[in-house]
$ cat structure.cif   # mmCIF, C-alpha atoms
data_my_file
loop_
_atom_site.label_atom_id
_atom_site.label_comp_id
_atom_site.auth_asym_id
_atom_site.auth_seq_id
_atom_site.Cartn_x
_atom_site.Cartn_y
_atom_site.Cartn_z
CA MET O 1 10.12 -112.98 -63.54
CA ALA O 2 12.12 -114.82 -66.16
CA ASP O 3 10.71 -117.90 -67.82
CA CYS O 4 12.18 -121.21 -66.76
CA SER O 5 14.77 -122.70 -69.07
CA GLN O 6 16.85 -125.84 -69.06
CA ASP O 7 20.53 -125.49 -69.95
CA ASP O 8 21.52 -127.31 -73.13
CA VAL O 9 17.93 -128.38 -73.70
CA GLY O 10 15.98 -125.16 -74.18
CA SER O 11 12.66 -126.48 -72.95
CA CYS O 12 10.51 -126.16 -69.85
CA PRO O 13 11.38 -128.26 -66.78
CA PRO O 14 10.76 -132.00 -67.01
CA THR O 15 7.50 -133.34 -65.72
CA LYS O 16 9.02 -135.45 -62.96
CA VAL O 17 11.00 -134.48 -59.89
CA PRO O 18 14.30 -136.27 -60.45
CA ASP O 19 15.72 -139.10 -58.44
CA ILE O 20 18.77 -137.84 -56.56
CA ARG O 21 19.82 -141.31 -55.41
CA SER O 22 20.43 -144.41 -57.48
CA LYS O 23 17.65 -146.94 -57.66
CA THR O 24 17.98 -150.39 -56.21
CA ASP O 25 15.45 -153.10 -55.58
CA ALA O 26 15.96 -153.04 -51.81
CA ILE O 27 14.88 -150.06 -49.71
CA ARG O 28 17.81 -149.11 -47.50
CA VAL O 29 16.88 -148.05 -43.96
CA LEU O 30 18.87 -146.52 -41.12
CA PHE O 31 16.95 -147.61 -38.01
CA VAL O 32 17.50 -146.06 -34.55
CA GLU O 33 15.68 -147.78 -31.67
CA ASP O 34 16.83 -148.28 -28.05
CA ASP O 35 14.63 -151.30 -27.28
CA GLU O 36 16.93 -154.15 -28.29
CA LEU O 37 14.27 -156.84 -28.60
CA TYR O 38 11.95 -154.67 -30.65
CA ARG O 39 14.84 -153.37 -32.77
CA GLU O 40 16.02 -156.86 -33.66
CA ALA O 41 12.51 -158.21 -34.25
CA LEU O 42 11.50 -155.35 -36.55
CA ALA O 43 14.83 -155.39 -38.40
CA ASP O 44 14.39 -159.11 -39.03
CA GLU O 45 10.83 -158.58 -40.27
CA LEU O 46 11.82 -155.78 -42.62
CA SER O 47 14.83 -157.72 -43.87
CA GLY O 48 12.61 -160.68 -44.59
CA HIS O 49 10.56 -158.47 -46.91
CA GLY O 50 13.51 -157.24 -48.93
CA PHE O 51 14.57 -154.17 -46.95
CA THR O 52 18.23 -153.52 -46.14
CA ILE O 53 18.49 -152.47 -42.49
CA GLU O 54 21.34 -150.87 -40.55
CA SER O 55 20.32 -150.68 -36.88
CA PHE O 56 21.55 -148.48 -34.01
CA ALA O 57 20.67 -148.28 -30.32
CA ASP O 58 20.93 -144.50 -29.93
CA ALA O 59 22.02 -141.22 -31.50
CA ALA O 60 25.64 -141.69 -30.48
CA SER O 61 25.83 -145.06 -32.27
CA LEU O 62 24.36 -143.54 -35.41
CA ALA O 63 26.71 -140.54 -35.29
CA VAL O 64 29.83 -142.59 -36.04
CA HIS O 65 28.25 -143.93 -39.25
CA LEU O 66 26.85 -140.70 -40.68
CA ASP O 67 29.42 -140.51 -43.46
CA GLY O 68 27.69 -143.45 -45.14
CA THR O 69 24.14 -142.07 -45.10
CA ALA O 70 24.19 -141.33 -48.84
CA ASP O 71 23.92 -145.08 -49.42
CA PHE O 72 20.51 -145.18 -47.71
CA ASP O 73 16.98 -144.14 -48.66
CA VAL O 74 15.25 -143.32 -45.37
CA ILE O 75 15.92 -142.90 -41.64
CA LEU O 76 13.52 -144.59 -39.21
CA LEU O 77 13.71 -142.98 -35.75
CA ASP O 78 12.20 -143.99 -32.45
CA TRP O 79 10.69 -140.95 -30.75
CA SER O 80 11.85 -141.79 -27.22
CA LEU O 81 15.59 -142.38 -27.49
CA PRO O 82 17.92 -142.09 -24.47
CA HIS O 83 20.20 -139.06 -24.01
CA THR O 84 19.27 -137.48 -27.35
CA SER O 85 15.59 -137.79 -28.22
CA GLY O 86 14.44 -138.66 -31.69
CA ILE O 87 13.12 -135.16 -32.37
CA ASP O 88 16.42 -133.59 -31.24
CA LEU O 89 18.33 -136.10 -33.34
CA LEU O 90 16.31 -135.02 -36.38
CA SER O 91 17.41 -131.42 -35.81
CA GLU O 92 21.03 -132.52 -35.44
CA LEU O 93 20.86 -134.50 -38.68
CA ARG O 94 19.49 -131.52 -40.59
CA GLY O 95 22.13 -129.29 -39.01
CA ARG O 96 24.81 -131.61 -40.36
CA GLY O 97 23.36 -131.44 -43.84
CA ILE O 98 21.79 -134.90 -43.84
CA ASP O 99 18.49 -134.53 -45.68
CA LEU O 100 17.33 -138.12 -46.05
CA PRO O 101 13.59 -138.47 -45.43
CA VAL O 102 12.89 -139.21 -41.76
CA VAL O 103 10.04 -141.38 -40.48
CA PHE O 104 9.21 -141.44 -36.78
CA LEU O 105 8.18 -144.66 -35.09
CA THR O 106 6.55 -144.15 -31.72
CA GLY O 107 4.59 -145.77 -28.93
CA HIS O 108 3.37 -142.32 -27.83
CA SER O 109 1.38 -141.04 -30.78
CA LEU O 110 0.30 -137.72 -29.26
CA THR O 111 -1.02 -135.18 -31.71
CA SER O 112 1.39 -132.57 -30.31
CA ASN O 113 4.35 -134.89 -31.05
CA GLU O 114 3.07 -135.53 -34.55
CA ILE O 115 2.74 -131.81 -35.27
CA LEU O 116 6.23 -131.14 -33.90
CA ALA O 117 7.70 -133.95 -36.04
CA PHE O 118 6.26 -132.47 -39.22
CA GLU O 119 7.29 -128.94 -38.26
CA ARG O 120 10.88 -130.20 -37.89
CA GLY O 121 10.76 -131.81 -41.35
CA ALA O 122 9.79 -135.46 -40.79
CA ILE O 123 7.91 -137.05 -43.67
CA ASP O 124 5.83 -139.55 -41.69
CA PHE O 125 4.86 -140.43 -38.09
CA ILE O 126 3.80 -144.02 -37.38
CA ASP O 127 2.42 -145.63 -34.24
CA LYS O 128 4.26 -148.87 -33.37
CA THR O 129 0.95 -150.58 -32.69
CA ARG O 130 0.09 -150.38 -36.40
CA GLY O 131 2.43 -153.33 -36.97
CA GLY O 132 5.13 -154.24 -39.44
CA GLU O 133 2.88 -154.60 -42.49
CA VAL O 134 1.60 -151.02 -42.23
CA LEU O 135 5.12 -149.75 -41.56
CA MET O 136 6.49 -151.51 -44.64
CA ARG O 137 3.77 -150.11 -46.88
CA ARG O 138 4.33 -146.58 -45.62
CA LEU O 139 8.11 -146.82 -45.91
CA ARG O 140 7.68 -147.85 -49.54
CA LEU O 141 5.36 -144.89 -50.14
CA VAL O 142 7.86 -142.53 -48.51
CA VAL O 143 10.77 -143.81 -50.59
CA ASP O 144 8.70 -143.83 -53.80
CA SER O 145 7.84 -140.18 -53.18
CA THR O 146 11.54 -139.27 -53.10
CA ARG O 147 12.56 -141.67 -55.89
CA PRO O 148 10.47 -140.50 -58.85
CA ALA O 149 11.11 -141.57 -62.40
CA GLU O 150 14.43 -140.46 -63.82
CA THR O 151 14.39 -137.50 -66.21
CA GLY O 152 17.50 -138.31 -68.24
CA LEU O 153 19.20 -135.11 -67.15
CA GLN O 154 22.98 -134.97 -67.10
CA PRO O 155 24.67 -134.16 -63.75
CA ASP O 156 25.70 -130.66 -64.87
CA GLU O 157 22.35 -129.66 -66.40
CA ARG O 158 20.38 -126.89 -64.72
CA ILE O 159 16.92 -125.40 -64.66
CA VAL O 160 16.94 -121.61 -64.44
CA CYS O 161 14.02 -119.44 -63.27
CA GLY O 162 15.37 -115.92 -62.91
CA LYS O 163 17.66 -115.88 -59.87
CA LEU O 164 16.71 -119.47 -59.02
CA VAL O 165 18.88 -122.29 -60.33
CA LEU O 166 17.89 -125.92 -59.79
CA ARG O 167 20.26 -128.82 -60.33
CA PRO O 168 17.87 -131.79 -60.53
CA ALA O 169 20.52 -134.49 -60.83
CA ILE O 170 21.82 -133.68 -57.34
CA GLY O 171 18.70 -132.13 -55.83
CA ARG O 172 20.22 -128.72 -55.04
CA ALA O 173 18.72 -125.24 -55.36
CA TYR O 174 20.59 -121.94 -55.60
CA TRP O 175 19.49 -118.32 -55.28
CA ASN O 176 21.88 -115.65 -56.52
CA ASP O 177 24.43 -118.48 -56.95
CA VAL O 178 24.23 -119.42 -53.24
CA ASP O 179 23.14 -122.92 -52.19
CA LEU O 180 19.90 -122.58 -50.21
CA GLY O 181 20.56 -125.69 -48.15
CA LEU O 182 17.09 -127.11 -48.79
CA THR O 183 16.09 -130.53 -47.53
CA ILE O 184 14.81 -133.07 -50.05
CA GLY O 185 11.22 -132.21 -49.21
CA GLU O 186 11.85 -128.47 -49.45
CA TYR O 187 13.69 -128.87 -52.75
CA ASN O 188 10.80 -130.86 -54.20
CA ILE O 189 8.34 -128.14 -53.22
CA VAL O 190 10.46 -125.38 -54.78
CA TYR O 191 10.84 -127.52 -57.91
CA LEU O 192 7.09 -128.05 -58.02
CA LEU O 193 6.30 -124.34 -57.63
CA ALA O 194 9.01 -123.13 -60.03
CA SER O 195 7.84 -125.63 -62.65
CA ASN O 196 4.43 -123.98 -62.58
CA VAL O 197 5.36 -120.29 -62.75
CA GLY O 198 2.34 -118.04 -62.30
CA ARG O 199 0.00 -120.92 -61.39
CA TYR O 200 -1.43 -121.50 -57.94
CA LEU O 201 -0.90 -124.99 -56.55
CA SER O 202 -3.30 -126.19 -53.89
CA TYR O 203 -2.30 -126.94 -50.31
CA ARG O 204 -3.14 -130.58 -51.01
CA ALA O 205 -0.87 -130.78 -54.07
CA ILE O 206 2.02 -129.29 -52.08
CA TYR O 207 1.30 -131.57 -49.13
CA ASP O 208 1.39 -134.62 -51.40
CA ARG O 209 4.81 -133.48 -52.67
CA MET O 210 6.00 -133.10 -49.06
CA HIS O 211 4.93 -136.62 -48.09
CA TYR O 212 3.17 -138.82 -50.64
CA GLU O 213 -0.16 -138.79 -52.43
CA GLY O 214 -3.06 -139.43 -50.10
CA PHE O 215 -1.04 -138.96 -46.89
CA ILE O 216 -3.21 -137.89 -43.95
CA ALA O 217 -2.06 -136.16 -40.77
CA GLY O 218 -3.05 -133.29 -38.55
CA SER O 219 -6.41 -132.43 -37.06
CA GLY O 220 -9.49 -132.50 -39.28
CA ASP O 221 -9.87 -132.71 -43.04
CA ASP O 222 -7.84 -129.52 -43.59
CA GLY O 223 -5.25 -130.10 -40.85
CA TYR O 224 -2.50 -130.50 -43.43
CA ARG O 225 -2.71 -126.80 -44.29
CA THR O 226 -0.86 -125.89 -41.09
CA ASN O 227 1.98 -128.23 -42.04
CA VAL O 228 2.19 -126.72 -45.54
CA ARG O 229 2.25 -123.18 -44.17
CA SER O 230 5.04 -124.06 -41.72
CA THR O 231 7.13 -125.65 -44.47
CA ILE O 232 6.64 -122.74 -46.86
CA LYS O 233 7.66 -120.38 -44.04
CA ARG O 234 10.92 -122.33 -43.56
CA ILE O 235 11.59 -122.24 -47.30
CA ARG O 236 10.94 -118.50 -47.49
CA ASN O 237 13.26 -117.92 -44.54
CA LYS O 238 16.06 -119.80 -46.29
CA PHE O 239 15.64 -117.60 -49.36
CA ARG O 240 15.53 -114.47 -47.19
CA GLU O 241 18.74 -115.39 -45.42
CA ILE O 242 20.35 -114.84 -48.84
CA ASP O 243 17.98 -112.19 -50.19
CA PRO O 244 16.00 -110.23 -47.54
CA VAL O 245 13.56 -108.90 -50.15
CA PHE O 246 12.70 -112.33 -51.62
CA GLU O 247 9.02 -112.38 -52.61
CA GLU O 248 8.72 -115.01 -55.34
CA ILE O 249 6.42 -117.36 -53.39
CA LYS O 250 2.93 -115.84 -53.36
CA ASN O 251 0.04 -117.07 -51.24
CA SER O 252 -3.74 -117.14 -51.59
CA VAL O 253 -5.70 -118.53 -48.67
CA ALA O 254 -8.28 -119.91 -51.09
CA LEU O 255 -5.96 -121.16 -53.84
CA GLY O 256 -2.63 -122.15 -52.28
CA TYR O 257 0.86 -121.03 -53.33
CA CYS O 258 2.34 -119.68 -56.54
CA TRP O 259 5.88 -118.99 -57.81
CA GLY O 260 6.22 -115.60 -59.46
CA LYS O 261 3.51 -113.21 -60.53
CA PRO O 262 0.19 -115.08 -60.65
CA VAL O 263 -1.57 -115.33 -63.99
CA ALA O 264 -5.32 -114.77 -64.18
CA PRO O 265 -6.90 -116.84 -61.37
CA PRO O 266 -8.84 -119.98 -62.30
CA GLU O 267 -12.59 -120.06 -62.31
CA GLU O 268 -14.18 -120.31 -58.89
CA GLY O 269 -14.08 -123.84 -57.50
CA THR O 270 -11.27 -125.01 -59.76
CA LEU O 271 -7.51 -125.22 -59.48
CA PRO O 272 -4.85 -125.70 -62.15
CA ARG O 273 -3.38 -129.17 -62.24
CA SER O 274 0.33 -129.46 -61.61
CA SER O 275 2.52 -130.18 -64.62
CA ILE O 276 4.52 -132.51 -62.37
CA SER O 277 2.85 -135.79 -61.63
#

$ encode --input "structure.cif" --output "structure tokens"
Amino acid sequence: MADCSQDDVGSCPPTKVPDIRSKTDAIRVLFVEDDELYREALADELSGHGFTIESFADAASLAVHLDGTADFDVILLDWSLPHTSGIDLLSELRGRGIDLPVVFLTGHSLTSNEILAFERGAIDFIDKTRGGEVLMRRLRLVVDSTRPAETGLQPDERIVCGKLVLRPAIGRAYWNDVDLGLTIGEYNIVYLLASNVGRYLSYRAIYDRMHYEGFIAGSGDDGYRTNVRSTIKRIRNKFREIDPVFEEIKNSVALGYCWGKPVAPPEEGTLPRSSIS
């Protein structure tokens, strides 16, 4: 496994996952909700707190505006949309290469729906009864988690770890010179692992990178582990579509996941801290 290097810089990867969208004061939300009264009321409430909202009644209405999604920070989806459900719409968005973080808003907060949402790549799942204040706080946490501090990298600069090439300024990852097609969340996890070559990162550290620090979902105190395993499986599959013998992501049930050949394991009961905050 080759050491990581940064083109034109000659140092290890920066300590922050880069922002791949420009920063603005207002959080920009694409909101899809079929209940007109609720849609207008929530859009007004969010707008009144500094959010920029573009609202749609269903998947078809959103579809004609997808070319402008790069100008937004997050997609807020109702679970129970007509014709095309929210969960099916999420799959369609990913299939079209739209990797903005997706937050589900639902009046049917079944655990099975929550698990399915995270398996499909959603970053949060919020019950409508929690109210606008909770929603606003969690939207800010979601956007903050995908808008980290800028690293000062130039658009054409790269981070190279053997066959893996990361382009932080645009949030893309390549294996054997082929774009892996990672979502934002998947890219951040690969960046996190590849920035800590040979070091195990805990399930919790990876889960925080997938969502945001302190996020809680799933069943029980360790329920998040299932979500992490599912996401790592999807990432591995994307690598293996290009390279069937890909084996760079190692796993230890006790320790978590590691990129490359693990170094000597930490002392029992301890885990190495990530070099990415």

$ closest_residue --input "structure.cif" --among "O:Leu37, O:Ala117, O:Ala70, O:Leu192" --to "Asp88 of chain O" --atoms "all atoms listed in the file"
O:Ala117

$ atom_distance --input "structure.cif" --atom1 "atom CA of Phe31 of chain O" --atom2 "atom CA of Phe72 of chain O"
10.6 Å

$ atom_distance --input "structure.cif" --atom1 "atom CA of Gly198 of chain O" --atom2 "atom CA of Ile159 of chain O"
16.5 Å

$ closest_residue --input "structure.cif" --among "O:Gly256, O:Val190, O:Glu114, O:Lys250" --to "Lys238 of chain O" --atoms "all atoms listed in the file"
O:Val190

$ closest_residue --input "structure.cif" --among "O:Val29, O:Leu139, O:Val102, O:Ala59" --to "Asp71 of chain O" --atoms "only C-alpha atoms"
O:Val29

$ axis_aligned_box --input "structure.cif" --around "segment 247-254 of chain O" --padding-each-side "8 Å" --output "JSON"
{"center_x": 0.4, "center_y": -116.1, "center_z": -52.0, "size_x": 33.3, "size_y": 23.5, "size_z": 22.7}

$ build_atoms --input "structure.cif" --residues "segment 113-138 of chain O" --atoms "N, CA and C atoms" --output "compact mmCIF listing (two decimals), keeping the file's coordinate frame"
# COMPACT_ATOMS: atom_id res chain seq x y z
N ASN O 113 3.08 -134.33 -30.55
CA ASN O 113 4.35 -134.89 -31.05
C ASN O 113 4.33 -134.99 -32.57
N GLU O 114 3.19 -135.40 -33.10
CA GLU O 114 3.07 -135.53 -34.55
C GLU O 114 3.26 -134.18 -35.24
N ILE O 115 2.62 -133.16 -34.69
CA ILE O 115 2.74 -131.81 -35.27
C ILE O 115 4.18 -131.34 -35.21
N LEU O 116 4.84 -131.55 -34.06
CA LEU O 116 6.23 -131.14 -33.90
C LEU O 116 7.13 -131.87 -34.89
N ALA O 117 6.90 -133.17 -35.09
CA ALA O 117 7.70 -133.95 -36.04
C ALA O 117 7.62 -133.36 -37.43
N PHE O 118 6.41 -133.03 -37.89
CA PHE O 118 6.26 -132.47 -39.22
C PHE O 118 6.82 -131.06 -39.33
N GLU O 119 6.70 -130.29 -38.25
CA GLU O 119 7.29 -128.94 -38.26
C GLU O 119 8.81 -129.00 -38.39
N ARG O 120 9.43 -130.05 -37.82
CA ARG O 120 10.88 -130.20 -37.89
C ARG O 120 11.34 -130.85 -39.20
N GLY O 121 10.39 -131.29 -40.04
CA GLY O 121 10.76 -131.81 -41.35
C GLY O 121 10.63 -133.30 -41.54
N ALA O 122 10.02 -134.02 -40.58
CA ALA O 122 9.79 -135.46 -40.79
C ALA O 122 8.77 -135.64 -41.90
N ILE O 123 8.83 -136.79 -42.56
CA ILE O 123 7.91 -137.05 -43.67
C ILE O 123 6.77 -137.98 -43.29
N ASP O 124 6.91 -138.70 -42.16
CA ASP O 124 5.83 -139.55 -41.69
C ASP O 124 6.00 -139.79 -40.18
N PHE O 125 4.91 -140.26 -39.54
CA PHE O 125 4.86 -140.43 -38.09
C PHE O 125 3.96 -141.63 -37.85
N ILE O 126 4.53 -142.74 -37.41
CA ILE O 126 3.80 -144.02 -37.38
C ILE O 126 3.77 -144.60 -35.97
N ASP O 127 2.60 -144.98 -35.53
CA ASP O 127 2.42 -145.63 -34.24
C ASP O 127 2.92 -147.07 -34.33
N LYS O 128 3.72 -147.51 -33.36
CA LYS O 128 4.26 -148.87 -33.37
C LYS O 128 3.17 -149.93 -33.36
N THR O 129 2.02 -149.58 -32.78
CA THR O 129 0.95 -150.58 -32.69
C THR O 129 0.33 -150.90 -34.04
N ARG O 130 0.64 -150.10 -35.08
CA ARG O 130 0.09 -150.38 -36.40
C ARG O 130 0.68 -151.65 -37.00
N GLY O 131 1.84 -152.08 -36.52
CA GLY O 131 2.43 -153.33 -36.97
C GLY O 131 3.36 -153.19 -38.15
N GLY O 132 4.11 -154.25 -38.41
CA GLY O 132 5.13 -154.24 -39.44
C GLY O 132 4.59 -154.08 -40.84
N GLU O 133 3.44 -154.67 -41.13
CA GLU O 133 2.88 -154.60 -42.49
C GLU O 133 2.56 -153.16 -42.88
N VAL O 134 1.92 -152.42 -41.96
CA VAL O 134 1.60 -151.02 -42.23
C VAL O 134 2.88 -150.21 -42.38
N LEU O 135 3.84 -150.47 -41.49
CA LEU O 135 5.12 -149.75 -41.56
C LEU O 135 5.80 -149.98 -42.90
N MET O 136 5.84 -151.21 -43.36
CA MET O 136 6.49 -151.51 -44.64
C MET O 136 5.82 -150.78 -45.79
N ARG O 137 4.49 -150.79 -45.80
CA ARG O 137 3.77 -150.11 -46.88
C ARG O 137 4.07 -148.62 -46.88
N ARG O 138 4.11 -148.03 -45.69
CA ARG O 138 4.33 -146.58 -45.62
C ARG O 138 5.78 -146.22 -45.91
